[in-house]
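Trainee: So I've got this file, structure-v1.tsv, and it contains TSV, C-alpha atoms:
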```tsv
chain	number	residue	atom	x	y	z
A	180	MET	CA	0.00	0.00	0.00
A	181	HIS	CA	2.89	2.32	0.80
A	182	GLY	CA	4.37	1.77	-2.66
A	183	LEU	CA	1.01	2.34	-4.31
A	184	GLY	CA	0.58	5.61	-2.44
A	185	SER	CA	4.01	6.75	-3.55
A	186	ASP	CA	3.16	5.96	-7.18
A	187	ILE	CA	-0.09	7.94	-6.93
A	188	THR	CA	1.77	10.89	-5.40
A	189	ILE	CA	4.39	10.81	-8.17
A	190	ASN	CA	1.69	10.63	-10.85
A	191	VAL	CA	-0.19	13.58	-9.31
A	192	ILE	CA	2.98	15.67	-9.15
A	193	ALA	CA	3.87	14.72	-12.72
A	194	SER	CA	0.37	15.68	-13.89
A	195	VAL	CA	0.58	19.05	-12.12
A	196	ILE	CA	4.00	19.77	-13.65
A	197	ALA	CA	2.78	18.73	-17.12
A	198	SER	CA	-0.31	20.91	-16.76
A	199	ALA	CA	1.81	23.88	-15.70
A	200	ILE	CA	4.10	23.39	-18.71
A	201	PHE	CA	1.16	23.17	-21.12
A	202	LEU	CA	-0.38	26.25	-19.51
A	203	ALA	CA	2.86	28.22	-19.87
A	204	VAL	CA	3.32	27.11	-23.47
A	205	GLY	CA	-0.28	27.99	-24.27
A	206	PHE	CA	0.10	31.42	-22.69
A	207	ALA	CA	3.33	32.09	-24.59
A	208	TRP	CA	1.74	30.93	-27.86
A	209	GLY	CA	-1.26	33.17	-27.26
A	210	LYS	CA	1.02	36.15	-26.63
A	211	TYR	CA	2.99	35.30	-29.76
A	212	LYS	CA	-0.17	35.12	-31.87
A	213	GLU	CA	-1.44	38.36	-30.35
A	214	ARG	CA	1.87	40.06	-31.17
A	215	ARG	CA	1.79	38.70	-34.72
A	216	ARG	CA	-1.75	39.97	-35.12
A	217	PHE	CA	-1.36	43.45	-33.67
A	218	GLY	CA	2.39	44.00	-34.12
A	219	ARG	CA	5.00	46.17	-32.48
A	220	ASN	CA	5.24	49.85	-31.65
A	221	LEU	CA	6.72	52.03	-34.37
A	222	GLU	CA	9.62	53.10	-32.12
A	223	GLU	CA	10.93	49.53	-32.29
A	224	TYR	CA	11.71	49.93	-36.00
A	225	ASP	CA	14.85	51.61	-37.36
A	226	PHE	CA	12.77	53.93	-39.56
A	227	TYR	CA	10.87	55.72	-36.77
A	228	PRO	CA	10.22	59.01	-38.63
A	229	PHE	CA	11.62	61.47	-36.11
A	230	THR	CA	15.21	62.61	-35.70
A	231	ILE	CA	16.75	64.92	-33.11
A	232	ASN	CA	18.37	68.07	-34.53
A	233	ARG	CA	21.31	70.03	-33.10
A	234	ASP	CA	18.98	71.95	-30.81
A	235	ASN	CA	17.75	68.65	-29.32
A	236	VAL	CA	14.34	69.14	-30.93
A	237	PRO	CA	12.59	66.21	-32.66
A	238	GLU	CA	11.96	66.78	-36.36
A	239	PHE	CA	9.76	64.83	-38.75
A	240	ASN	CA	11.96	62.76	-41.10
A	241	LEU	CA	10.37	62.26	-44.52
A	242	LYS	CA	13.05	59.79	-45.65
A	243	ASP	CA	12.34	57.42	-42.76
A	244	PHE	CA	8.60	57.89	-43.29
A	245	ARG	CA	9.02	56.71	-46.88
A	246	LEU	CA	10.96	53.64	-45.70
A	247	GLY	CA	8.21	52.80	-43.22
A	248	MET	CA	5.49	53.32	-45.81
A	249	HIS	CA	7.06	50.87	-48.28
A	250	TYR	CA	7.89	48.37	-45.53
A	251	PHE	CA	4.31	48.18	-44.22
A	252	LEU	CA	2.91	47.82	-47.71
A	253	LYS	CA	4.94	44.62	-48.05
A	254	ASN	CA	4.90	43.48	-44.38
A	255	SER	CA	1.85	43.66	-42.16
A	256	ASP	CA	2.05	45.27	-38.73
A	257	HIS	CA	-1.30	46.74	-37.72
A	258	THR	CA	-0.02	48.68	-34.71
A	259	ALA	CA	3.14	50.25	-36.13
A	260	ALA	CA	1.59	51.03	-39.53
A	261	ARG	CA	-1.32	52.91	-37.95
A	262	GLN	CA	1.13	54.84	-35.76
A	263	LEU	CA	3.05	55.76	-38.92
A	264	ILE	CA	-0.16	56.97	-40.58
A	265	PHE	CA	-1.07	58.99	-37.48
A	266	ILE	CA	2.33	60.73	-37.52
A	267	GLY	CA	2.06	61.30	-41.26
A	268	GLU	CA	-1.33	62.98	-40.91
A	269	GLN	CA	-0.02	65.13	-38.04
A	270	ASN	CA	2.80	66.36	-40.28
A	271	ASN	CA	0.73	66.88	-43.45
A	272	VAL	CA	2.75	64.22	-45.27
A	273	ARG	CA	0.48	64.14	-48.33
A	274	VAL	CA	1.81	67.55	-49.40
A	275	GLN	CA	5.43	66.49	-48.90
A	276	LEU	CA	5.31	63.25	-50.91
A	277	GLU	CA	5.86	63.07	-54.66
A	278	PRO	CA	2.75	62.26	-56.77
A	279	ALA	CA	3.78	58.60	-57.24
A	280	GLU	CA	4.44	58.28	-53.49
A	281	GLN	CA	1.07	59.84	-52.70
A	282	LYS	CA	-0.55	56.88	-54.48
A	283	GLU	CA	1.55	54.50	-52.39
A	284	TYR	CA	0.52	56.34	-49.24
A	285	ALA	CA	-3.13	56.10	-50.32
A	286	ARG	CA	-2.66	52.31	-50.58
A	287	LEU	CA	-1.15	52.21	-47.09
A	288	PHE	CA	-3.96	54.41	-45.77
A	289	ASP	CA	-6.60	52.04	-47.17
A	290	LYS	CA	-4.80	48.86	-46.11
A	291	TYR	CA	-4.71	49.89	-42.44
A	292	GLN	CA	-8.04	51.77	-42.36
A	293	GLY	CA	-6.42	55.15	-41.85
A	294	SER	CA	-9.76	56.93	-42.10
A	295	LYS	CA	-10.79	55.38	-38.78
A	296	ILE	CA	-7.75	56.72	-36.94
A	297	ALA	CA	-9.03	60.30	-36.84
A	298	ASP	CA	-12.53	59.07	-35.97
A	299	ASP	CA	-11.14	56.91	-33.15
A	300	THR	CA	-9.18	59.87	-31.80
A	301	ASN	CA	-12.22	62.15	-31.91
A	302	GLU	CA	-14.17	59.57	-29.94
A	303	TYR	CA	-11.28	59.09	-27.51
A	304	LEU	CA	-11.16	62.84	-26.79
A	305	GLU	CA	-14.91	63.22	-26.30
A	306	ASN	CA	-14.69	62.89	-22.51
A	307	TYR	CA	-11.89	65.47	-22.45
A	308	VAL	CA	-14.14	67.90	-24.33
A	309	ARG	CA	-16.71	67.49	-21.56
A	310	LEU	CA	-14.06	68.00	-18.84
A	311	VAL	CA	-12.79	71.20	-20.43
A	312	ARG	CA	-16.30	72.55	-20.89
A	313	LEU	CA	-17.40	71.83	-17.30
A	314	ILE	CA	-14.19	73.05	-15.65
A	315	GLY	CA	-14.31	76.24	-17.71
A	316	LYS	CA	-17.94	76.93	-16.81
A	317	SER	CA	-17.00	76.60	-13.11
A	318	PHE	CA	-14.81	79.74	-13.32
A	319	PRO	CA	-16.50	82.26	-15.68
A	320	ASN	CA	-15.15	85.78	-16.21
A	321	THR	CA	-11.98	85.17	-14.20
A	322	GLY	CA	-9.34	85.50	-16.92
A	323	ILE	CA	-8.69	81.76	-16.73
A	324	GLU	CA	-8.97	80.12	-20.16
A	325	ILE	CA	-9.08	76.35	-20.65
A	326	LEU	CA	-9.00	74.65	-24.03
A	327	LEU	CA	-8.44	71.33	-25.75
A	328	HIS	CA	-6.32	70.55	-28.81
A	329	ASN	CA	-6.89	67.48	-30.98
A	330	LEU	CA	-3.38	66.84	-32.32
A	331	ALA	CA	-4.61	64.27	-34.82
A	332	ASP	CA	-5.58	67.33	-36.87
A	333	PRO	CA	-2.95	70.03	-36.13
A	334	GLY	CA	-4.33	72.36	-38.81
A	335	HIS	CA	-7.74	72.53	-37.04
A	336	SER	CA	-6.78	71.31	-33.59
A	337	LEU	CA	-8.78	73.59	-31.26
A	338	ILE	CA	-11.94	71.61	-30.43
A	339	ALA	CA	-13.02	73.02	-27.04
A	340	LEU	CA	-12.59	76.50	-25.58
A	341	GLU	CA	-13.98	78.14	-22.44
A	342	ASN	CA	-13.39	81.64	-21.00
A	343	ASN	CA	-11.60	82.91	-24.11
A	344	VAL	CA	-8.75	85.31	-23.26
A	345	THR	CA	-6.45	84.60	-26.24
A	346	GLY	CA	-8.82	85.57	-29.05
A	347	ARG	CA	-8.69	82.19	-30.75
A	348	HIS	CA	-11.60	80.34	-32.32
A	349	LEU	CA	-12.73	76.73	-32.57
A	350	ARG	CA	-11.03	74.89	-35.43
A	351	ASP	CA	-7.96	77.14	-35.25
A	352	GLY	CA	-4.72	75.24	-35.72
A	353	THR	CA	-1.68	74.86	-33.50
A	354	THR	CA	1.87	75.80	-34.43
A	355	ASN	CA	4.78	74.13	-32.64
A	356	LEU	CA	2.80	72.59	-29.78
A	357	LEU	CA	3.06	69.02	-31.07
A	358	ILE	CA	6.84	69.16	-31.59
A	359	ASP	CA	7.35	70.82	-28.20
A	360	LEU	CA	5.31	68.13	-26.44
A	361	LYS	CA	7.25	65.37	-28.22
A	362	LYS	CA	10.51	66.99	-27.14
A	363	ARG	CA	9.37	67.18	-23.52
A	364	GLN	CA	8.04	63.62	-23.65
A	365	LEU	CA	11.50	62.40	-24.69
A	366	ALA	CA	13.09	64.44	-21.89
A	367	GLN	CA	10.40	63.31	-19.39
A	368	GLU	CA	9.55	66.93	-18.62
A	369	ASP	CA	6.21	68.42	-17.61
A	370	LYS	CA	5.00	71.66	-19.17
A	371	LEU	CA	3.68	73.37	-16.05
A	372	ASN	CA	3.69	76.96	-14.77
A	373	TYR	CA	5.46	78.62	-17.69
A	374	GLU	CA	5.25	82.27	-18.72
A	375	LEU	CA	4.43	83.60	-22.18
A	376	ASN	CA	5.04	87.22	-23.18
A	377	ILE	CA	3.53	88.27	-26.53
A	378	GLY	CA	3.85	92.00	-27.19
A	379	GLY	CA	2.13	93.68	-24.27
A	380	ARG	CA	0.31	90.49	-23.19
A	381	ARG	CA	1.53	88.20	-20.39
A	382	PHE	CA	0.20	84.76	-19.47
A	383	LYS	CA	0.80	82.05	-16.91
A	384	CYS	CA	0.24	78.72	-18.70
A	385	THR	CA	0.02	75.00	-18.14
A	386	THR	CA	-0.13	72.35	-20.88
A	387	ILE	CA	-1.16	68.79	-20.08
A	388	PRO	CA	-0.47	66.27	-22.87
A	389	ILE	CA	-3.03	63.52	-23.52
A	390	VAL	CA	-1.18	60.32	-24.35
A	391	ARG	CA	-2.84	57.34	-26.01
A	392	LYS	CA	-0.97	54.05	-25.91
A	393	GLU	CA	-1.66	53.28	-29.56
A	394	PHE	CA	-0.47	56.60	-31.00
A	395	GLY	CA	1.44	58.62	-28.38
A	396	VAL	CA	0.46	62.29	-27.86
A	397	VAL	CA	-3.01	62.76	-29.37
A	398	GLY	CA	-4.18	65.91	-27.60
A	399	ALA	CA	-3.44	68.54	-24.99
A	400	ILE	CA	-5.38	70.46	-22.37
A	401	CYS	CA	-4.10	74.02	-21.97
A	402	ILE	CA	-4.83	76.45	-19.14
A	403	ASN	CA	-3.94	80.08	-19.82
A	404	ILE	CA	-4.26	82.76	-17.12
A	405	ASP	CA	-4.28	86.38	-18.31
A	406	ALA	CA	-1.68	87.71	-15.84
A	407	ASN	CA	-2.02	91.38	-16.80
A	408	TYR	CA	-5.80	91.24	-16.39
A	409	LEU	CA	-5.35	90.09	-12.79
A	410	THR	CA	-2.36	92.22	-11.80
A	411	GLU	CA	-3.30	95.44	-13.60
A	412	HIS	CA	-7.08	95.44	-14.03
A	413	VAL	CA	-8.55	93.40	-11.17
A	414	ILE	CA	-6.16	94.23	-8.33
A	415	ALA	CA	-6.25	97.96	-9.16
A	416	ASP	CA	-9.83	98.33	-7.95
A	417	GLN	CA	-11.49	96.98	-4.80
A	418	LYS	CA	-14.82	96.57	-6.55
A	419	ARG	CA	-13.21	94.53	-9.33
A	420	ILE	CA	-11.46	92.34	-6.76
A	421	GLU	CA	-14.78	91.61	-5.08
A	422	GLU	CA	-16.41	90.89	-8.45
A	423	TRP	CA	-13.57	88.56	-9.44
A	424	PHE	CA	-13.90	86.54	-6.24
A	425	LYS	CA	-17.66	86.34	-6.71
A	426	ASN	CA	-17.10	84.82	-10.14
A	427	PHE	CA	-14.36	82.52	-8.87
A	428	LEU	CA	-16.49	81.25	-5.97
A	429	ARG	CA	-19.81	81.23	-7.86
A	430	VAL	CA	-21.97	78.14	-7.31
A	431	ASP	CA	-25.13	76.87	-8.96
A	432	MET	CA	-26.40	74.71	-6.10
A	433	GLN	CA	-25.72	73.60	-2.54
A	434	LEU	CA	-25.45	69.91	-1.58
A	435	ASP	CA	-25.32	67.95	1.65
A	436	GLU	CA	-22.12	66.03	0.98
A	437	ASN	CA	-18.92	65.46	2.98
A	438	ILE	CA	-15.53	65.78	1.26
A	439	LEU	CA	-13.44	66.13	4.44
A	440	GLY	CA	-11.34	63.49	6.14
A	441	LYS	CA	-12.59	62.16	9.46
A	442	GLU	CA	-10.38	64.36	11.67
A	443	GLU	CA	-10.79	67.42	9.46
A	444	ARG	CA	-14.56	67.07	9.59
A	445	ALA	CA	-14.45	66.96	13.40
A	446	PHE	CA	-12.31	70.14	13.43
A	447	ALA	CA	-14.75	71.83	11.04
A	448	GLN	CA	-17.65	71.02	13.33
A	449	LYS	CA	-15.70	72.64	16.17
A	450	GLY	CA	-15.36	75.85	14.17
A	451	LYS	CA	-12.28	75.44	11.94
A	452	ARG	CA	-12.70	77.85	8.97
A	453	HIS	CA	-10.07	76.80	6.39
A	454	PHE	CA	-7.19	74.38	5.85
A	455	LYS	CA	-4.60	76.74	7.42
A	456	ASP	CA	-6.81	77.67	10.36
A	457	GLU	CA	-5.17	76.33	13.55
A	458	VAL	CA	-8.06	76.96	15.98
A	459	ALA	CA	-8.44	73.20	16.49
```
What is this structure when it is put down as structure tokens?
Mentor:
Amino acid sequence: MHGLGSDITINVIASVIASAIFLAVGFAWGKYKERRRFGRNLEEYDFYPFTINRDNVPEFNLKDFRLGMHYFLKNSDHTAARQLIFIGEQNNVRVQLEPAEQKEYARLFDKYQGSKIADDTNEYLENYVRLVRLIGKSFPNTGIEILLHNLADPGHSLIALENNVTGRHLRDGTTNLLIDLKKRQLAQEDKLNYELNIGGRRFKCTTIPIVRKEFGVVGAICINIDANYLTEHVIADQKRIEEWFKNFLRVDMQLDENILGKEERAFAQKGKRHFKDEVA
């Protein structure tokens, strides 16, 4: 009986090991098939169509774009090819290609359903449009502008705008924003709290890139504060200061809801007025 029990134990262990091996092989095969189906990221290829110039700024490289275009016409890679198309559309590649190459690009565009890329990006940014609109409407007439760029269409990128202080309009294009964001992405830098001086105008700005795994930087939320309006117009008059704070603190409703931590709520109930109040 002892020998029989040992045999059963060995068989069970062997079965478990065999099952684990089959499971691992199956998982690896599934990952391999998934990779074959969807492909690699474009950065993994030698012809990634951006080079760094002497000023450490990324520049679109038409030569490498051509290499990628011809490669993906002959070799299928759904992920990398669509990333190449996305970059091409961002950089208006159709104008830069020769007539014969434009036909090749049209073939690539059709093969990888390029027309859906812009539609997918528009859908992806829809929630960001809502965020920009609602945040902007929370602070009306304060000199604080918030807007959204769709960088899949740099020539008509401005798709949401609230509290306009820069005089731009919906469907206006962007200039060097895309290249600047790519440069900062490579350097792992944030674009926060920077100053812009344009003639007599002065702004405090923040730009938040929207990154999509499939395509990289697809959009950007920008917050622009009209510094001169606040420091020269609002602060100069007590009545304007009061009006500004009324707009800044304006509410549309009052709710019975707790947003304080447990201890902070107890302090508030004892009379604490604000987060720097030390009466507790």
Trainee: Can you pull out every residue within 8 Å of Thr258 in chain A, counting all atoms listed in the file, but drop anything in the same chain fewer than 6 positions away, and send it as a PyMOL selection string?
Mentor: chain A and resi 217-221+393
Trainee: Would you give me, as a tab-separated table, each residue of range 221-309 of chain A having an atom within 7 Å of an atom of range 326-336 of chain A, along with its shortest atom pair and that distance in Å to one decimal, using only C-alpha atoms and sorting by chain and residue number?
Mentor:
```
residue	atom	partner	partner_atom	distance
A:Phe265	CA	A:Ala331	CA	6.9
A:Gln269	CA	A:Ala331	CA	5.7
A:Ala297	CA	A:Ala331	CA	6.3
A:Val308	CA	A:Leu327	CA	6.8
```
Trainee: Rounded to one decimal place, report the CA of Asn343 in chain A-CA of Glu324 in chain A distance in Å.
Mentor: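 Interatomic distance, CA of Asn343 in chain A to CA of Glu324 in chain A: 5.5 Å.
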Trainee: From the list A:Gln367, A:Thr300, A:Thr385, A:Asn270, which residue is nearest Asn355 in chain A when using only C-alpha atoms?
Mentor: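 Once distances to Asn355 in chain A are computed over only C-alpha atoms, the minimum belongs to A:Asn270.
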Trainee: Given all atoms listed in the file as the basis, pick out the residue of A:Leu304, A:Leu246, A:Leu313, A:Leu252 nearest to Ala285 in chain A.
Mentor: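 Of A:Leu304, A:Leu246, A:Leu313, A:Leu252, the one nearest Ala285 in chain A, counting all atoms listed in the file, is A:Leu252.
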Trainee: Hey, can you check how far CA of Ala406 in chain A sits from CA of Trp423 in chain A?
Mentor: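 CA of Trp423 in chain A lies at a distance of 13.5 Å from CA of Ala406 in chain A.
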Trainee: Rounded to one decimal, what separation in Å do you get between CA of Phe226 in chain A and CA of Asp243 in chain A?
Mentor: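 Atom-to-atom, CA of Phe226 in chain A and CA of Asp243 in chain A are spaced 4.8 Å apart.
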Trainee: Restricting the calculation to all atoms listed in the file, which member of A:Arg309, A:Lys316, A:Lys441, A:Lys418 is positioned closest to Ile400 in chain A?
Mentor: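 Closest residue, counting all atoms listed in the file: A:Arg309.
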Trainee: Looking at only C-alpha atoms, which of A:Val396, A:Leu434, A:Leu340, A:Val272 is the one that sits closest to Gln364 in chain A?
Mentor: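 Closest to Gln364 in chain A of all the choices is A:Val396.
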Trainee: Take the point (8.0, 70.5, -19.2) as written in the file and pick out every residue within 12 Å of it, counting all atoms listed in the file; give the list as an mmCIF file with C-alpha atoms, in the coordinates of the input.
Mentor:
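Saved as point_33.cif:
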```cif
data_model
loop_
_atom_site.group_PDB
_atom_site.id
_atom_site.type_symbol
_atom_site.label_atom_id
_atom_site.label_comp_id
_atom_site.auth_asym_id
_atom_site.auth_seq_id
_atom_site.Cartn_x
_atom_site.Cartn_y
_atom_site.Cartn_z
ATOM 1 C CA LEU A 356 2.800 72.590 -29.780
ATOM 2 C CA ASP A 359 7.350 70.820 -28.200
ATOM 3 C CA LEU A 360 5.310 68.130 -26.440
ATOM 4 C CA LYS A 361 7.250 65.370 -28.220
ATOM 5 C CA LYS A 362 10.510 66.990 -27.140
ATOM 6 C CA ARG A 363 9.370 67.180 -23.520
ATOM 7 C CA GLN A 364 8.040 63.620 -23.650
ATOM 8 C CA LEU A 365 11.500 62.400 -24.690
ATOM 9 C CA ALA A 366 13.090 64.440 -21.890
ATOM 10 C CA GLN A 367 10.400 63.310 -19.390
ATOM 11 C CA GLU A 368 9.550 66.930 -18.620
ATOM 12 C CA ASP A 369 6.210 68.420 -17.610
ATOM 13 C CA LYS A 370 5.000 71.660 -19.170
ATOM 14 C CA LEU A 371 3.680 73.370 -16.050
ATOM 15 C CA ASN A 372 3.690 76.960 -14.770
ATOM 16 C CA TYR A 373 5.460 78.620 -17.690
ATOM 17 C CA CYS A 384 0.240 78.720 -18.700
ATOM 18 C CA THR A 385 0.020 75.000 -18.140
ATOM 19 C CA THR A 386 -0.130 72.350 -20.880
ATOM 20 C CA ILE A 387 -1.160 68.790 -20.080
ATOM 21 C CA PRO A 388 -0.470 66.270 -22.870
#
```
Trainee: Name the closest residue to Ile323 in chain A among the candidates A:Asp456, A:Glu305, A:Asp405, A:Glu422; distances are taken between atoms, counting all atoms listed in the file.
Mentor: A:Asp405
Trainee: Excluding Gln281 in chain A and residues on its chain fewer than 5 positions from it, collect all residues at most 12 Å away from it, counting all atoms listed in the file, and give them as a list in words.
Mentor: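 My list of contacting residues is Arg245, Met248, His249, Gly267, Asn271, Val272, Arg273, Val274, Gln275, Leu276, Arg286, Leu287 and Phe288 of chain A.
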Trainee: Have a look at A:Tyr227, A:Gly346, A:Arg261, A:Phe382 and name the one nearest to Asp299 in chain A; count all atoms listed in the file.
Mentor: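 Of A:Tyr227, A:Gly346, A:Arg261, A:Phe382, the one nearest Asp299 in chain A, counting all atoms listed in the file, is A:Arg261.
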Trainee: Around all of range 383-389 of chain A's listed atoms, make the axis-aligned box with 4 Å on each side and tell me centre and edge lengths in Å to one decimal, as JSON.
Mentor:
```
{"center_x": -1.1, "center_y": 72.8, "center_z": -20.2, "size_x": 11.8, "size_y": 26.5, "size_z": 14.6}
```
